[in-house]
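For reference, the structure is listed below as structure tokens.
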Amino acid sequence: MTRRALITGAEGFVGKTLAAHLQRAKWQVVRAALSGLPGAIACDVTRPEQVRAAVKQAGAVTHVFHLAAVSFLPDATQDPVGAFRVNCEGVVHLIAAVREFAPEARLIYVGSADAYGPPQALPVTEEHPLRPNNPYGISKAAADHYCAYCARAFDLDIVRVRPFNHSGPGQDPRFVLPAFARQIAEIEAELAPPRVRVGNLDAKRDFLHVNDVARAYELIALRGETGAVYNVCSGKARSIAAALDGLCAQAAVPIAIAPDPARMRPVDVPEVYGSHDKLTRDTGWTPQTPFEQLLDDLLRHWRAATRA
């Protein structure tokens, strides 16, 4: 059977990684992107006519991976209307287009563990209630609920995923791990003072390498249960301080730490980590990339980018 995937948000960090992964696995890949990606179908998910055109132009797809989103929490906080239009309204438009042009395709909706909100128990499982505490998480939870509704109401093959934190080369440096790696690379190149600006270092998060995330999405597409929801996570909590220590230990020069009030979040959760037991049971997926390798890859990427 020929596997043909449409990826929305294909210009993004995870979209590019997933497309490359699927192509290596001999999938046919059709990209839909907001702008600026050669060979991609232009698609603003807030415009229903563009979404319909993209799904129609994609042809006989077997799978649709919906990654298009406002994914940076401060952006959603500053412009909640824009975040809701992309993260919620975009899902409504996409499902309508899939029903019209690709009703037999499997839709993999990429949500977020932020939809859970502050954890009531750890590790967070898929049965944890959705009680988000910020505009980004609220928008993703609303779209998650809509996908569950459409799967039942219209008998669509929709699988929801809730990824926890993930990173890797190419991620926007506004996110915490690439922000650290970029600053260290610039300090080594004598482009910045020898101080890394930081936010809350005490927070503990569940980090995955983006390559493991792309592999999880493919396995969910192939082996996941229709109507199910899956956490994509490492199952371990690591402090932001430990991540920074790991990066600084590789630095070629001494580095000081400088707290930056602008990097502090008004509402933060002390510790979050998830359980991937359901994903492992249904698909056989387990994390394969050590956290130390993630840090190495980030620092290597930013050192090369700084020299370029």
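Ligands are numbered from 1 in the order shown, residues from 1 within each chain, and chains are lettered A, B, ... in the order they appear in the structure tokens.
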Range 190-295 of chain A: which residues are strand (DSSP E) by DSSP, as a PDB file with C-alpha atoms, in the first residue's frame?
ATOM      1  CA  ARG A 195      26.530  35.588  30.720  1.00  0.00           C
ATOM      2  CA  VAL A 196      23.604  33.334  29.867  1.00  0.00           C
ATOM      3  CA  ARG A 197      20.281  35.044  30.564  1.00  0.00           C
ATOM      4  CA  VAL A 198      17.792  32.675  32.162  1.00  0.00           C
ATOM      5  CA  LYS A 204      11.183  20.439  35.665  1.00  0.00           C
ATOM      6  CA  ARG A 205      10.009  19.343  32.240  1.00  0.00           C
ATOM      7  CA  LEU A 208      12.331  14.542  23.932  1.00  0.00           C
ATOM      8  CA  HIS A 209      14.551  14.841  20.877  1.00  0.00           C
ATOM      9  CA  VAL A 229      -5.170   9.811  22.279  1.00  0.00           C
ATOM     10  CA  TYR A 230      -1.466   9.283  22.966  1.00  0.00           C
ATOM     11  CA  ASN A 231       1.106  11.064  25.069  1.00  0.00           C
ATOM     12  CA  VAL A 232       4.470  11.508  23.347  1.00  0.00           C
ATOM     13  CA  ARG A 238      14.604  17.106  34.044  1.00  0.00           C
ATOM     14  CA  SER A 239      15.165  20.497  35.597  1.00  0.00           C
ATOM     15  CA  ALA A 256      28.053  33.165  34.306  1.00  0.00           C
ATOM     16  CA  ILE A 257      24.301  32.883  34.862  1.00  0.00           C
ATOM     17  CA  ALA A 258      22.172  36.059  34.785  1.00  0.00           C
ATOM     18  CA  PRO A 259      18.486  35.880  35.838  1.00  0.00           C
TER      19      PRO A 259
END
- [ ] Please provide as an MDAnalysis selection string all residues within 8 Å of Phe207 in chain A, with the sequence filter that same-chain residues fewer than 2 positions apart are discarded (counting only C-alpha atoms).
- [x] chainID A and resid 164:167 205 209 233:234 236:238 291
Produce a file of the selected residues containing C-alpha atoms, as a compact mmCIF listing (two decimals), in the first residue's frame.
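Dumped everything to part.txt:
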# COMPACT_ATOMS: atom_id res chain seq x y z
CA PHE A 164 5.37 17.07 25.88
CA ASN A 165 8.43 19.33 25.49
CA HIS A 166 10.67 18.48 22.57
CA SER A 167 13.65 20.16 21.00
CA ARG A 205 10.01 19.34 32.24
CA HIS A 209 14.55 14.84 20.88
CA CYS A 233 7.02 11.95 26.10
CA SER A 234 10.17 10.61 27.72
CA LYS A 236 11.24 11.62 32.95
CA ALA A 237 11.39 15.12 34.43
CA ARG A 238 14.60 17.11 34.04
CA PHE A 291 18.98 13.71 26.72
Open item on the list: Using only C-alpha atoms, which protein or nucleic acid residues come within 9 Å of Ala216 in chain A? Drop anything in the same chain fewer than 6 positions from it, and give the result as a list in words.
Closed with: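 Once the nearby chain positions are removed, what remains is Val232, Leu279, Thr283, Trp285, Thr286 and Pro287 of chain A.
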Open item on the list: Please determine, counting only C-alpha atoms, which residue among A:Ala33, A:Cys43, A:Tyr116, A:Arg215 has the shortest atom-to-atom distance to Pro129 in chain A.
Closed with: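 Among the listed residues, A:Tyr116 lies closest to Pro129 in chain A.
We find CA of Gln288 in chain A and CA of Glu126 in chain A to be spaced 21.5 Å apart.
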Open item on the list: One decimal, in Å: what's the spacing between CA of Arg31 in chain A and CA of Ala53 in chain A?
Closed with: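 Distance between the two atoms: 12.8 Å.
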Open item on the list: Report as a list in words all protein, DNA and RNA residues lying within 6 Å of range 107-114 of chain A, evaluated on only C-alpha atoms, omitting residues in the same chain fewer than 2 positions from it.
Closed with: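 After dropping sequence-adjacent residues, the list is His63, Val64, Phe65, His66, Leu67, Tyr116, Gly117, Gly137, Lys140, Ile158, Val159, Arg160, Val161, Arg162, Pro163 and Phe164 of chain A.
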Next, the residues of the selection above should be written as an mmCIF file, in the first residue's frame with N, CA and C atoms.
data_model
loop_
_atom_site.group_PDB
_atom_site.id
_atom_site.type_symbol
_atom_site.label_atom_id
_atom_site.label_comp_id
_atom_site.auth_asym_id
_atom_site.auth_seq_id
_atom_site.Cartn_x
_atom_site.Cartn_y
_atom_site.Cartn_z
ATOM 1 N N HIS A 63 -2.966 9.726 4.929
ATOM 2 C CA HIS A 63 -2.790 10.289 6.261
ATOM 3 C C HIS A 63 -2.642 11.806 6.166
ATOM 4 N N VAL A 64 -3.180 12.502 7.160
ATOM 5 C CA VAL A 64 -3.006 13.942 7.287
ATOM 6 C C VAL A 64 -2.418 14.205 8.672
ATOM 7 N N PHE A 65 -1.248 14.825 8.709
ATOM 8 C CA PHE A 65 -0.614 15.208 9.970
ATOM 9 C C PHE A 65 -0.835 16.711 10.158
ATOM 10 N N HIS A 66 -1.594 17.056 11.188
ATOM 11 C CA HIS A 66 -1.904 18.478 11.392
ATOM 12 C C HIS A 66 -0.966 19.068 12.434
ATOM 13 N N LEU A 67 0.053 19.789 11.946
ATOM 14 C CA LEU A 67 1.043 20.408 12.812
ATOM 15 C C LEU A 67 0.941 21.928 12.838
ATOM 16 N N TYR A 116 -3.308 19.673 29.431
ATOM 17 C CA TYR A 116 -3.596 19.086 30.738
ATOM 18 C C TYR A 116 -3.625 20.132 31.852
ATOM 19 N N GLY A 117 -2.815 21.164 31.713
ATOM 20 C CA GLY A 117 -2.691 22.129 32.788
ATOM 21 C C GLY A 117 -1.842 21.588 33.916
ATOM 22 N N GLY A 137 -2.553 26.545 25.984
ATOM 23 C CA GLY A 137 -3.124 25.273 26.391
ATOM 24 C C GLY A 137 -4.625 25.219 26.212
ATOM 25 N N LYS A 140 -5.397 24.605 22.538
ATOM 26 C CA LYS A 140 -5.103 23.232 22.129
ATOM 27 C C LYS A 140 -6.104 22.248 22.736
ATOM 28 N N ILE A 158 -9.647 9.669 13.333
ATOM 29 C CA ILE A 158 -8.834 10.728 13.941
ATOM 30 C C ILE A 158 -8.115 10.161 15.150
ATOM 31 N N VAL A 159 -6.813 10.416 15.214
ATOM 32 C CA VAL A 159 -6.006 10.046 16.377
ATOM 33 C C VAL A 159 -5.383 11.326 16.919
ATOM 34 N N ARG A 160 -5.498 11.527 18.221
ATOM 35 C CA ARG A 160 -4.950 12.733 18.840
ATOM 36 C C ARG A 160 -3.644 12.403 19.564
ATOM 37 N N VAL A 161 -2.683 13.285 19.450
ATOM 38 C CA VAL A 161 -1.435 13.117 20.192
ATOM 39 C C VAL A 161 -1.196 14.353 21.046
ATOM 40 N N ARG A 162 -0.616 14.131 22.206
ATOM 41 C CA ARG A 162 -0.307 15.230 23.125
ATOM 42 C C ARG A 162 1.185 15.172 23.452
ATOM 43 N N PRO A 163 1.998 15.817 22.637
ATOM 44 C CA PRO A 163 3.431 15.811 22.896
ATOM 45 C C PRO A 163 3.799 16.700 24.080
ATOM 46 N N PHE A 164 4.779 16.246 24.831
ATOM 47 C CA PHE A 164 5.370 17.068 25.882
ATOM 48 C C PHE A 164 6.525 17.851 25.249
#
Task: Residue neighbourhood Ser139 in chain A, 8 Å, only C-alpha atoms, exclusion window fewer than 3 positions, as a list in words - done: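 Once the nearby chain positions are removed, what remains is Ala83, Phe84, Asn87, Cys88, Pro135, Tyr136, Ala142 and Ala143 of chain A.
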TODO: Have a look at A:Leu22, A:Ala151, A:Val176, A:Val92 and name the one nearest to Leu73 in chain A; count only C-alpha atoms.
DONE: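 Going through A:Leu22, A:Ala151, A:Val176, A:Val92 one by one, the smallest distance to Leu73 in chain A is for A:Val176.
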Can you list every residue in range 27-251 of chain A that DSSP puts in helix (DSSP H, G or I), as a PDB file with C-alpha atoms, in the first residue's frame?
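Result went into part.pdb, see below:
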ATOM      1  CA  PRO A  48     -11.118  27.858   4.759  1.00  0.00           C
ATOM      2  CA  GLU A  49     -10.770  28.275   0.999  1.00  0.00           C
ATOM      3  CA  GLN A  50      -7.012  27.699   1.233  1.00  0.00           C
ATOM      4  CA  VAL A  51      -7.478  24.663   3.462  1.00  0.00           C
ATOM      5  CA  ARG A  52     -10.013  23.138   1.053  1.00  0.00           C
ATOM      6  CA  ALA A  53      -7.703  23.808  -1.888  1.00  0.00           C
ATOM      7  CA  ALA A  54      -4.717  22.263  -0.084  1.00  0.00           C
ATOM      8  CA  VAL A  55      -6.522  19.049   0.842  1.00  0.00           C
ATOM      9  CA  LYS A  56      -8.011  18.762  -2.644  1.00  0.00           C
ATOM     10  CA  GLN A  57      -4.656  19.402  -4.327  1.00  0.00           C
ATOM     11  CA  ALA A  58      -2.915  16.867  -2.085  1.00  0.00           C
ATOM     12  CA  LEU A  73       3.210  30.198  24.637  1.00  0.00           C
ATOM     13  CA  PRO A  74       4.110  33.918  24.951  1.00  0.00           C
ATOM     14  CA  ASP A  75       2.787  34.517  21.426  1.00  0.00           C
ATOM     15  CA  ALA A  76      -0.540  32.956  22.398  1.00  0.00           C
ATOM     16  CA  THR A  77      -0.606  34.974  25.618  1.00  0.00           C
ATOM     17  CA  GLN A  78       0.016  38.245  23.790  1.00  0.00           C
ATOM     18  CA  PRO A  80      -5.023  34.958  22.231  1.00  0.00           C
ATOM     19  CA  VAL A  81      -7.420  35.791  19.407  1.00  0.00           C
ATOM     20  CA  GLY A  82      -4.780  34.923  16.822  1.00  0.00           C
ATOM     21  CA  ALA A  83      -3.869  31.750  18.688  1.00  0.00           C
ATOM     22  CA  PHE A  84      -7.483  30.616  18.832  1.00  0.00           C
ATOM     23  CA  ARG A  85      -7.974  31.322  15.139  1.00  0.00           C
ATOM     24  CA  VAL A  86      -5.008  29.152  14.180  1.00  0.00           C
ATOM     25  CA  ASN A  87      -5.183  26.458  16.847  1.00  0.00           C
ATOM     26  CA  CYS A  88      -8.979  26.027  17.022  1.00  0.00           C
ATOM     27  CA  GLU A  89     -10.530  27.501  13.913  1.00  0.00           C
ATOM     28  CA  GLY A  90      -7.812  25.943  11.772  1.00  0.00           C
ATOM     29  CA  VAL A  91      -8.769  22.480  13.020  1.00  0.00           C
ATOM     30  CA  VAL A  92     -12.424  23.117  12.196  1.00  0.00           C
ATOM     31  CA  HIS A  93     -11.496  24.111   8.639  1.00  0.00           C
ATOM     32  CA  LEU A  94      -9.182  21.135   8.183  1.00  0.00           C
ATOM     33  CA  ILE A  95     -11.671  18.539   9.377  1.00  0.00           C
ATOM     34  CA  ALA A  96     -14.322  19.994   7.070  1.00  0.00           C
ATOM     35  CA  ALA A  97     -11.922  19.729   4.129  1.00  0.00           C
ATOM     36  CA  VAL A  98     -10.894  16.182   5.058  1.00  0.00           C
ATOM     37  CA  ARG A  99     -14.552  15.147   5.245  1.00  0.00           C
ATOM     38  CA  GLU A 100     -15.097  16.543   1.764  1.00  0.00           C
ATOM     39  CA  PHE A 101     -11.965  15.429  -0.087  1.00  0.00           C
ATOM     40  CA  ALA A 113       0.499  18.348  26.887  1.00  0.00           C
ATOM     41  CA  ASP A 114      -0.178  21.977  27.868  1.00  0.00           C
ATOM     42  CA  ALA A 115      -3.840  21.036  27.464  1.00  0.00           C
ATOM     43  CA  TYR A 116      -3.596  19.086  30.738  1.00  0.00           C
ATOM     44  CA  PRO A 135      -4.251  30.703  26.357  1.00  0.00           C
ATOM     45  CA  TYR A 136      -2.040  28.311  24.391  1.00  0.00           C
ATOM     46  CA  GLY A 137      -3.124  25.273  26.391  1.00  0.00           C
ATOM     47  CA  ILE A 138      -6.752  26.374  26.308  1.00  0.00           C
ATOM     48  CA  SER A 139      -6.689  26.674  22.508  1.00  0.00           C
ATOM     49  CA  LYS A 140      -5.103  23.232  22.129  1.00  0.00           C
ATOM     50  CA  ALA A 141      -7.539  21.642  24.564  1.00  0.00           C
ATOM     51  CA  ALA A 142     -10.503  23.100  22.669  1.00  0.00           C
ATOM     52  CA  ALA A 143      -9.206  21.698  19.381  1.00  0.00           C
ATOM     53  CA  ASP A 144      -8.525  18.345  21.063  1.00  0.00           C
ATOM     54  CA  HIS A 145     -12.150  18.173  22.237  1.00  0.00           C
ATOM     55  CA  TYR A 146     -13.391  19.103  18.766  1.00  0.00           C
ATOM     56  CA  CYS A 147     -11.358  16.307  17.192  1.00  0.00           C
ATOM     57  CA  ALA A 148     -12.823  13.807  19.654  1.00  0.00           C
ATOM     58  CA  TYR A 149     -16.310  15.055  18.829  1.00  0.00           C
ATOM     59  CA  CYS A 150     -15.785  14.779  15.070  1.00  0.00           C
ATOM     60  CA  ALA A 151     -14.354  11.276  15.348  1.00  0.00           C
ATOM     61  CA  ARG A 152     -17.581  10.173  17.046  1.00  0.00           C
ATOM     62  CA  ALA A 153     -20.097  12.328  15.174  1.00  0.00           C
ATOM     63  CA  VAL A 176      14.443  27.376  26.388  1.00  0.00           C
ATOM     64  CA  LEU A 177      17.025  24.788  25.272  1.00  0.00           C
ATOM     65  CA  PRO A 178      17.978  26.400  21.941  1.00  0.00           C
ATOM     66  CA  ALA A 179      17.988  29.774  23.738  1.00  0.00           C
ATOM     67  CA  PHE A 180      20.695  28.478  26.057  1.00  0.00           C
ATOM     68  CA  ALA A 181      22.660  26.785  23.259  1.00  0.00           C
ATOM     69  CA  ARG A 182      22.559  29.888  21.075  1.00  0.00           C
ATOM     70  CA  GLN A 183      23.765  32.160  23.864  1.00  0.00           C
ATOM     71  CA  ILE A 184      26.652  29.813  24.689  1.00  0.00           C
ATOM     72  CA  ALA A 185      27.696  29.604  21.040  1.00  0.00           C
ATOM     73  CA  GLU A 186      27.646  33.405  20.748  1.00  0.00           C
ATOM     74  CA  ILE A 187      29.673  33.760  23.945  1.00  0.00           C
ATOM     75  CA  GLU A 188      32.277  31.295  22.638  1.00  0.00           C
ATOM     76  CA  VAL A 210      12.517  15.879  17.833  1.00  0.00           C
ATOM     77  CA  ASN A 211      13.715  12.779  15.971  1.00  0.00           C
ATOM     78  CA  ASP A 212      11.979  10.575  18.547  1.00  0.00           C
ATOM     79  CA  VAL A 213       8.844  12.691  18.152  1.00  0.00           C
ATOM     80  CA  ALA A 214       8.796  12.249  14.369  1.00  0.00           C
ATOM     81  CA  ARG A 215       9.233   8.503  14.787  1.00  0.00           C
ATOM     82  CA  ALA A 216       6.350   8.452  17.279  1.00  0.00           C
ATOM     83  CA  TYR A 217       4.059  10.285  14.871  1.00  0.00           C
ATOM     84  CA  GLU A 218       4.771   7.781  12.102  1.00  0.00           C
ATOM     85  CA  LEU A 219       4.102   4.800  14.378  1.00  0.00           C
ATOM     86  CA  ILE A 220       0.892   6.399  15.641  1.00  0.00           C
ATOM     87  CA  ALA A 221      -0.184   6.913  12.036  1.00  0.00           C
ATOM     88  CA  LEU A 222       0.453   3.246  11.254  1.00  0.00           C
ATOM     89  CA  ARG A 223      -0.484   1.456  14.474  1.00  0.00           C
ATOM     90  CA  ILE A 240      15.954  23.480  33.424  1.00  0.00           C
ATOM     91  CA  ALA A 241      18.981  23.988  35.693  1.00  0.00           C
ATOM     92  CA  ALA A 242      20.286  20.503  34.845  1.00  0.00           C
ATOM     93  CA  ALA A 243      19.884  21.188  31.132  1.00  0.00           C
ATOM     94  CA  LEU A 244      21.783  24.452  31.459  1.00  0.00           C
ATOM     95  CA  ASP A 245      24.518  22.744  33.500  1.00  0.00           C
ATOM     96  CA  GLY A 246      24.885  20.112  30.775  1.00  0.00           C
ATOM     97  CA  LEU A 247      25.325  22.761  28.103  1.00  0.00           C
ATOM     98  CA  CYS A 248      27.658  24.951  30.151  1.00  0.00           C
TER      99      CYS A 248
END
- [ ] Rank A:Glu225, A:Asp155, A:Glu104, A:Asp172 by their smallest atom-to-atom distance to Phe13 in chain A, using only C-alpha atoms, and report the top residue only.
- [x] A:Asp172
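Considering only C-alpha atoms, the residue among A:Gln23, A:Thr17, A:Thr62, A:Thr306 positioned nearest to Arg4 in chain A is A:Thr62.
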Open item on the list: Give me, as a list in words, all polymer residues having an atom no more than 8 Å from range 267-272 of chain A, counting only C-alpha atoms and skipping those fewer than 2 positions away in the same chain.
Closed with: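 Final neighbour list, sorted by chain and number: Pro118, Pro119, Leu122, Pro123, Val124, Asn133, Asn134, Asp202, Ala203, Lys204, Arg205, Asp206, Ala237, Arg265 and Gly274 of chain A.
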Task: CA of Ala228 in chain A to CA of Thr280 in chain A, straight-line distance in Å - done: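 Calculated distance between CA of Thr280 in chain A and CA of Ala228 in chain A is 13.4 Å.
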